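Shown below: model_28.tsv, with TSV, N, CA and C atoms.
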chain	number	residue	atom	x	y	z
M	263	ARG	N	0.84	-1.17	0.00
M	263	ARG	CA	0.00	0.00	0.00
M	263	ARG	C	0.89	1.24	0.00
M	264	ILE	N	0.68	2.13	-0.94
M	264	ILE	CA	1.46	3.35	-1.06
M	264	ILE	C	0.70	4.49	-0.39
M	265	GLN	N	1.43	5.21	0.43
M	265	GLN	CA	0.81	6.33	1.14
M	265	GLN	C	1.46	7.63	0.66
M	266	ALA	N	0.64	8.58	0.27
M	266	ALA	CA	1.16	9.86	-0.21
M	266	ALA	C	1.69	10.67	0.96
M	267	ALA	N	2.81	11.32	0.72
M	267	ALA	CA	3.39	12.19	1.75
M	267	ALA	C	2.54	13.45	1.87
M	268	ALA	N	2.36	13.89	3.08
M	268	ALA	CA	1.60	15.11	3.32
M	268	ALA	C	2.40	16.31	2.82
M	269	ALA	N	1.75	17.20	2.14
M	269	ALA	CA	2.42	18.40	1.66
M	269	ALA	C	2.72	19.32	2.84
M	270	VAL	N	3.92	19.86	2.84
M	270	VAL	CA	4.32	20.79	3.89
M	270	VAL	C	3.92	22.19	3.45
M	271	GLN	N	3.13	22.85	4.25
M	271	GLN	CA	2.69	24.19	3.92
M	271	GLN	C	3.74	25.21	4.33
M	272	ALA	N	3.90	26.21	3.50
M	272	ALA	CA	4.80	27.31	3.86
M	272	ALA	C	4.23	28.00	5.09
M	273	PRO	N	5.11	28.46	5.97
M	273	PRO	CA	4.65	29.10	7.20
M	273	PRO	C	3.90	30.41	6.94
M	274	GLU	N	2.97	30.70	7.83
M	274	GLU	CA	2.24	31.96	7.80
M	274	GLU	C	2.98	32.99	8.64
M	275	PRO	N	2.92	34.27	8.26
M	275	PRO	CA	3.59	35.28	9.07
M	275	PRO	C	2.92	35.41	10.44
M	276	PRO	N	3.71	35.42	11.52
M	276	PRO	CA	3.12	35.59	12.85
M	276	PRO	C	2.47	36.96	13.01
M	277	ASP	N	1.50	37.05	13.88
M	277	ASP	CA	0.76	38.30	14.11
M	277	ASP	C	1.63	39.42	14.67
M	278	TYR	N	2.71	39.07	15.38
M	278	TYR	CA	3.52	40.09	16.03
M	278	TYR	C	4.50	40.81	15.09
M	279	LEU	N	4.61	40.39	13.83
M	279	LEU	CA	5.50	41.07	12.90
M	279	LEU	C	4.99	42.46	12.56
M	280	ASP	N	5.91	43.43	12.45
M	280	ASP	CA	5.48	44.75	11.99
M	280	ASP	C	5.40	44.73	10.46
M	281	ASP	N	5.02	45.83	9.85
M	281	ASP	CA	4.80	45.86	8.40
M	281	ASP	C	6.06	45.53	7.60
M	282	LYS	N	7.21	46.04	8.03
M	282	LYS	CA	8.47	45.77	7.32
M	282	LYS	C	8.86	44.30	7.46
M	283	GLU	N	8.76	43.77	8.67
M	283	GLU	CA	9.07	42.35	8.90
M	283	GLU	C	8.14	41.47	8.06
M	284	ARG	N	6.86	41.82	8.05
M	284	ARG	CA	5.88	41.03	7.28
M	284	ARG	C	6.21	41.07	5.78
M	285	GLY	N	6.61	42.23	5.27
M	285	GLY	CA	6.96	42.34	3.86
M	285	GLY	C	8.15	41.45	3.50
M	286	ILE	N	9.17	41.45	4.36
M	286	ILE	CA	10.34	40.59	4.15
M	286	ILE	C	9.91	39.12	4.19
M	287	PHE	N	9.11	38.78	5.19
M	287	PHE	CA	8.62	37.42	5.36
M	287	PHE	C	7.88	36.95	4.10
M	288	LEU	N	6.97	37.78	3.61
M	288	LEU	CA	6.15	37.38	2.45
M	288	LEU	C	6.98	37.25	1.18
M	289	ARG	N	7.95	38.15	0.96
M	289	ARG	CA	8.81	38.03	-0.22
M	289	ARG	C	9.62	36.75	-0.20
M	290	LEU	N	10.19	36.43	0.96
M	290	LEU	CA	10.98	35.20	1.06
M	290	LEU	C	10.10	33.96	0.94
M	291	ARG	N	8.92	34.01	1.53
M	291	ARG	CA	8.02	32.86	1.45
M	291	ARG	C	7.61	32.60	0.01
M	292	GLU	N	7.28	33.66	-0.71
M	292	GLU	CA	6.86	33.48	-2.09
M	292	GLU	C	7.99	32.97	-2.98
M	293	ALA	N	9.18	33.47	-2.78
M	293	ALA	CA	10.31	33.12	-3.65
M	293	ALA	C	10.91	31.75	-3.34
M	294	LEU	N	10.91	31.35	-2.07
M	294	LEU	CA	11.65	30.14	-1.69
M	294	LEU	C	10.80	29.02	-1.12
M	295	ASP	N	9.51	29.26	-0.88
M	295	ASP	CA	8.61	28.24	-0.35
M	295	ASP	C	9.24	27.48	0.83
M	296	PRO	N	9.64	28.20	1.87
M	296	PRO	CA	10.35	27.57	2.98
M	296	PRO	C	9.45	26.69	3.85
M	297	VAL	N	10.09	25.79	4.59
M	297	VAL	CA	9.37	25.00	5.59
M	297	VAL	C	9.43	25.68	6.95
M	298	ALA	N	10.41	26.57	7.13
M	298	ALA	CA	10.52	27.36	8.36
M	298	ALA	C	11.08	28.73	7.99
M	299	LEU	N	10.54	29.77	8.62
M	299	LEU	CA	10.97	31.14	8.31
M	299	LEU	C	10.70	32.04	9.51
M	300	GLU	N	11.75	32.76	9.92
M	300	GLU	CA	11.63	33.75	10.99
M	300	GLU	C	12.28	35.04	10.52
M	301	VAL	N	11.62	36.16	10.79
M	301	VAL	CA	12.16	37.49	10.47
M	301	VAL	C	11.99	38.36	11.70
M	302	GLN	N	13.06	39.07	12.07
M	302	GLN	CA	12.98	39.94	13.25
M	302	GLN	C	13.83	41.19	13.04
M	303	ASP	N	13.25	42.33	13.34
M	303	ASP	CA	13.99	43.59	13.35
M	303	ASP	C	14.86	43.58	14.61
M	304	ILE	N	16.17	43.59	14.43
M	304	ILE	CA	17.08	43.55	15.58
M	304	ILE	C	17.79	44.89	15.78
M	305	SER	N	17.21	45.94	15.19
M	305	SER	CA	17.80	47.27	15.30
M	305	SER	C	17.13	48.12	16.38
M	306	GLY	N	16.29	47.51	17.17
M	306	GLY	CA	15.58	48.27	18.19
M	306	GLY	C	14.32	48.93	17.65
M	307	GLY	N	13.88	48.49	16.48
M	307	GLY	CA	12.63	48.99	15.92
M	307	GLY	C	12.77	50.02	14.82
M	308	CYS	N	14.00	50.41	14.48
M	308	CYS	CA	14.16	51.45	13.45
M	308	CYS	C	14.25	50.87	12.04
M	309	GLY	N	14.31	49.53	11.91
M	309	GLY	CA	14.29	48.91	10.59
M	309	GLY	C	15.61	48.95	9.84
M	310	SER	N	16.72	49.06	10.56
M	310	SER	CA	18.01	49.14	9.87
M	310	SER	C	18.80	47.83	9.88
M	311	MET	N	18.33	46.83	10.65
M	311	MET	CA	19.01	45.54	10.67
M	311	MET	C	18.01	44.44	11.01
M	312	TYR	N	18.09	43.35	10.27
M	312	TYR	CA	17.15	42.26	10.45
M	312	TYR	C	17.87	40.94	10.63
M	313	ALA	N	17.27	40.06	11.43
M	313	ALA	CA	17.72	38.68	11.56
M	313	ALA	C	16.72	37.82	10.79
M	314	VAL	N	17.24	36.96	9.91
M	314	VAL	CA	16.40	36.08	9.12
M	314	VAL	C	16.92	34.65	9.29
M	315	ALA	N	16.04	33.75	9.64
M	315	ALA	CA	16.35	32.32	9.71
M	315	ALA	C	15.38	31.61	8.77
M	316	ILE	N	15.92	30.86	7.81
M	316	ILE	CA	15.06	30.25	6.80
M	316	ILE	C	15.57	28.85	6.45
M	317	THR	N	14.64	27.92	6.38
M	317	THR	CA	14.92	26.54	5.97
M	317	THR	C	14.08	26.28	4.72
M	318	ALA	N	14.75	25.92	3.62
M	318	ALA	CA	14.03	25.72	2.37
M	318	ALA	C	14.68	24.61	1.54
M	319	GLU	N	13.86	23.87	0.85
M	319	GLU	CA	14.33	22.81	-0.05
M	319	GLU	C	15.24	23.39	-1.13
M	320	ALA	N	15.01	24.64	-1.51
M	320	ALA	CA	15.83	25.29	-2.56
M	320	ALA	C	17.30	25.35	-2.18
M	321	PHE	N	17.61	25.22	-0.90
M	321	PHE	CA	18.99	25.29	-0.43
M	321	PHE	C	19.70	23.93	-0.47
M	322	ARG	N	18.95	22.86	-0.67
M	322	ARG	CA	19.54	21.51	-0.61
M	322	ARG	C	20.69	21.39	-1.60
M	323	GLY	N	21.84	20.96	-1.09
M	323	GLY	CA	23.01	20.73	-1.92
M	323	GLY	C	23.84	21.97	-2.23
M	324	LEU	N	23.36	23.13	-1.81
M	324	LEU	CA	24.09	24.37	-2.08
M	324	LEU	C	25.00	24.72	-0.90
M	325	PRO	N	26.20	25.23	-1.20
M	325	PRO	CA	27.03	25.73	-0.10
M	325	PRO	C	26.36	26.94	0.54
M	326	VAL	N	26.72	27.20	1.79
M	326	VAL	CA	26.09	28.29	2.55
M	326	VAL	C	26.19	29.62	1.79
M	327	ILE	N	27.32	29.91	1.18
M	327	ILE	CA	27.47	31.19	0.47
M	327	ILE	C	26.44	31.33	-0.65
M	328	LYS	N	26.13	30.26	-1.35
M	328	LYS	CA	25.11	30.32	-2.41
M	328	LYS	C	23.70	30.43	-1.83
M	329	GLN	N	23.46	29.81	-0.69
M	329	GLN	CA	22.17	29.96	-0.02
M	329	GLN	C	21.96	31.43	0.35
M	330	HIS	N	23.01	32.04	0.92
M	330	HIS	CA	22.92	33.44	1.33
M	330	HIS	C	22.76	34.35	0.12
M	331	ARG	N	23.41	34.04	-0.97
M	331	ARG	CA	23.26	34.86	-2.19
M	331	ARG	C	21.83	34.81	-2.70
M	332	LEU	N	21.19	33.65	-2.63
M	332	LEU	CA	19.79	33.55	-3.05
M	332	LEU	C	18.92	34.52	-2.24
M	333	VAL	N	19.09	34.50	-0.93
M	333	VAL	CA	18.30	35.37	-0.06
M	333	VAL	C	18.65	36.84	-0.35
M	334	ASN	N	19.93	37.14	-0.46
M	334	ASN	CA	20.35	38.51	-0.74
M	334	ASN	C	19.78	39.03	-2.06
M	335	ASP	N	19.73	38.17	-3.07
M	335	ASP	CA	19.15	38.58	-4.36
M	335	ASP	C	17.66	38.91	-4.23
M	336	ILE	N	16.95	38.13	-3.43
M	336	ILE	CA	15.52	38.36	-3.24
M	336	ILE	C	15.28	39.68	-2.50
M	337	LEU	N	16.15	40.00	-1.55
M	337	LEU	CA	15.96	41.18	-0.70
M	337	LEU	C	16.85	42.35	-1.09
M	338	LYS	N	17.51	42.30	-2.25
M	338	LYS	CA	18.53	43.31	-2.58
M	338	LYS	C	18.02	44.74	-2.53
M	339	SER	N	16.79	45.00	-2.94
M	339	SER	CA	16.29	46.39	-2.89
M	339	SER	C	16.11	46.86	-1.44
M	340	ASP	N	15.79	45.92	-0.53
M	340	ASP	CA	15.64	46.26	0.89
M	340	ASP	C	17.01	46.42	1.55
M	341	ILE	N	17.92	45.51	1.26
M	341	ILE	CA	19.22	45.48	1.92
M	341	ILE	C	19.99	46.77	1.69
M	342	LYS	N	19.79	47.40	0.55
M	342	LYS	CA	20.47	48.68	0.26
M	342	LYS	C	20.17	49.74	1.32
M	343	GLU	N	19.01	49.63	1.95
M	343	GLU	CA	18.57	50.62	2.94
M	343	GLU	C	18.97	50.25	4.38
M	344	TRP	N	19.48	49.05	4.58
M	344	TRP	CA	19.79	48.54	5.91
M	344	TRP	C	21.26	48.72	6.26
M	345	HIS	N	21.55	48.65	7.55
M	345	HIS	CA	22.93	48.61	8.03
M	345	HIS	C	23.47	47.19	7.90
M	346	GLY	N	22.59	46.19	8.02
M	346	GLY	CA	23.06	44.81	7.92
M	346	GLY	C	21.93	43.80	8.04
M	347	ILE	N	22.31	42.55	7.79
M	347	ILE	CA	21.38	41.43	7.90
M	347	ILE	C	22.12	40.28	8.58
M	348	GLN	N	21.46	39.65	9.50
M	348	GLN	CA	21.97	38.45	10.16
M	348	GLN	C	21.18	37.29	9.55
M	349	LEU	N	21.88	36.39	8.87
M	349	LEU	CA	21.21	35.39	8.06
M	349	LEU	C	21.63	33.98	8.46
M	350	ARG	N	20.64	33.14	8.71
M	350	ARG	CA	20.86	31.71	8.95
M	350	ARG	C	20.01	30.94	7.94
M	351	THR	N	20.66	30.07	7.18
M	351	THR	CA	19.94	29.29	6.18
M	351	THR	C	20.24	27.81	6.39
M	352	LYS	N	19.28	26.99	6.00
M	352	LYS	CA	19.50	25.55	5.94
M	352	LYS	C	18.43	24.90	5.12

Mind turning this structure into C-alpha coordinates?
Amino acid sequence: RIQAAAAVQAPEPPDYLDDKERGIFLRLREALDPVALEVQDISGGCGSMYAVAITAEAFRGLPVIKQHRLVNDILKSDIKEWHGIQLRTK
(Lines of atoms letter the chains of each structure in order from A and count residues from 1; the text may use other names and numbers.)
(Lines give C-alpha, C1' and ligand atoms only; values in the text may rest on other atoms or scores of the structure.)
Protein backbone atom coordinates (compact mmCIF):
# COMPACT_ATOMS: atom_id res chain seq x y z
CA ARG A 1 0.00 0.00 0.00
CA ILE A 2 1.46 3.35 -1.06
CA GLN A 3 0.81 6.33 1.14
CA ALA A 4 1.16 9.86 -0.21
CA ALA A 5 3.39 12.19 1.75
CA ALA A 6 1.60 15.11 3.32
CA ALA A 7 2.42 18.40 1.66
CA VAL A 8 4.32 20.79 3.89
CA GLN A 9 2.69 24.19 3.92
CA ALA A 10 4.80 27.31 3.86
CA PRO A 11 4.65 29.10 7.20
CA GLU A 12 2.24 31.96 7.80
CA PRO A 13 3.59 35.28 9.07
CA PRO A 14 3.12 35.59 12.85
CA ASP A 15 0.76 38.30 14.11
CA TYR A 16 3.52 40.09 16.03
CA LEU A 17 5.50 41.07 12.90
CA ASP A 18 5.48 44.75 11.99
CA ASP A 19 4.80 45.86 8.40
CA LYS A 20 8.47 45.77 7.32
CA GLU A 21 9.07 42.35 8.90
CA ARG A 22 5.88 41.03 7.28
CA GLY A 23 6.96 42.34 3.86
CA ILE A 24 10.34 40.59 4.15
CA PHE A 25 8.62 37.42 5.36
CA LEU A 26 6.15 37.38 2.45
CA ARG A 27 8.81 38.03 -0.22
CA LEU A 28 10.98 35.20 1.06
CA ARG A 29 8.02 32.86 1.45
CA GLU A 30 6.86 33.48 -2.09
CA ALA A 31 10.31 33.12 -3.65
CA LEU A 32 11.65 30.14 -1.69
CA ASP A 33 8.61 28.24 -0.35
CA PRO A 34 10.35 27.57 2.98
CA VAL A 35 9.37 25.00 5.59
CA ALA A 36 10.52 27.36 8.36
CA LEU A 37 10.97 31.14 8.31
CA GLU A 38 11.63 33.75 10.99
CA VAL A 39 12.16 37.49 10.47
CA GLN A 40 12.98 39.94 13.25
CA ASP A 41 13.99 43.59 13.35
CA ILE A 42 17.08 43.55 15.58
CA SER A 43 17.80 47.27 15.30
CA GLY A 44 15.58 48.27 18.19
CA GLY A 45 12.63 48.99 15.92
CA CYS A 46 14.16 51.45 13.45
CA GLY A 47 14.29 48.91 10.59
CA SER A 48 18.01 49.14 9.87
CA MET A 49 19.01 45.54 10.67
CA TYR A 50 17.15 42.26 10.45
CA ALA A 51 17.72 38.68 11.56
CA VAL A 52 16.40 36.08 9.12
CA ALA A 53 16.35 32.32 9.71
CA ILE A 54 15.06 30.25 6.80
CA THR A 55 14.92 26.54 5.97
CA ALA A 56 14.03 25.72 2.37
CA GLU A 57 14.33 22.81 -0.05
CA ALA A 58 15.83 25.29 -2.56
CA PHE A 59 18.99 25.29 -0.43
CA ARG A 60 19.54 21.51 -0.61
CA GLY A 61 23.01 20.73 -1.92
CA LEU A 62 24.09 24.37 -2.08
CA PRO A 63 27.03 25.73 -0.10
CA VAL A 64 26.09 28.29 2.55
CA ILE A 65 27.47 31.19 0.47
CA LYS A 66 25.11 30.32 -2.41
CA GLN A 67 22.17 29.96 -0.02
CA HIS A 68 22.92 33.44 1.33
CA ARG A 69 23.26 34.86 -2.19
CA LEU A 70 19.79 33.55 -3.05
CA VAL A 71 18.30 35.37 -0.06
CA ASN A 72 20.35 38.51 -0.74
CA ASP A 73 19.15 38.58 -4.36
CA ILE A 74 15.52 38.36 -3.24
CA LEU A 75 15.96 41.18 -0.70
CA LYS A 76 18.53 43.31 -2.58
CA SER A 77 16.29 46.39 -2.89
CA ASP A 78 15.64 46.26 0.89
CA ILE A 79 19.22 45.48 1.92
CA LYS A 80 20.47 48.68 0.26
CA GLU A 81 18.57 50.62 2.94
CA TRP A 82 19.79 48.54 5.91
CA HIS A 83 22.93 48.61 8.03
CA GLY A 84 23.06 44.81 7.92
CA ILE A 85 21.38 41.43 7.90
CA GLN A 86 21.97 38.45 10.16
CA LEU A 87 21.21 35.39 8.06
CA ARG A 88 20.86 31.71 8.95
CA THR A 89 19.94 29.29 6.18
CA LYS A 90 19.50 25.55 5.94

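The list of residues with at least one atom within 6 Å of region 314-323 of chain M, based on only N, CA and C atoms and without residues fewer than 2 positions apart in the same chain, reads Leu294, Asp295, Pro296, Val297, Ala298, Leu299, Glu300, Val301, Gln302, Tyr312, Pro325, Gln329, Gln348, Leu349, Arg350, Thr351 and Lys352 of chain M.
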
Please identify which residues in chain M DSSP calls strand (DSSP E) from the backbone, and express them as a ChimeraX atom specification. /M:298-303,311-317,346-351

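Atom to atom, CA of Lys328 (chain M) and atom C of Ile286 (chain M) stand 18.8 Å apart.
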
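Between atom C of Leu279 (chain M) and CA of Glu343 (chain M) lies a distance of 18.5 Å.
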
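Closest approach to Trp344 (chain M) from the set M:Met311, M:Asp277, M:Leu324, M:Arg331 is made by M:Met311, with distances taken over only C-alpha atoms.
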
Atomic distance CA of Arg289 (chain M) - atom N of Ala272 (chain M), expressed in Å with one decimal: 13.3 Å

Filtered DSSP result for chain M, state helix (DSSP H, G or I), as a ChimeraX atom specification: /M:281-294,319-321,326-336,338-341

Centre and edges of the region 330-337 of chain M box, axis-aligned, 6 Å extra per side, as lines of an AutoDock Vina configuration file:
center_x = 19.3
center_y = 37.2
center_z = -1.5
size_x = 20.1
size_y = 22.3
size_z = 17.7
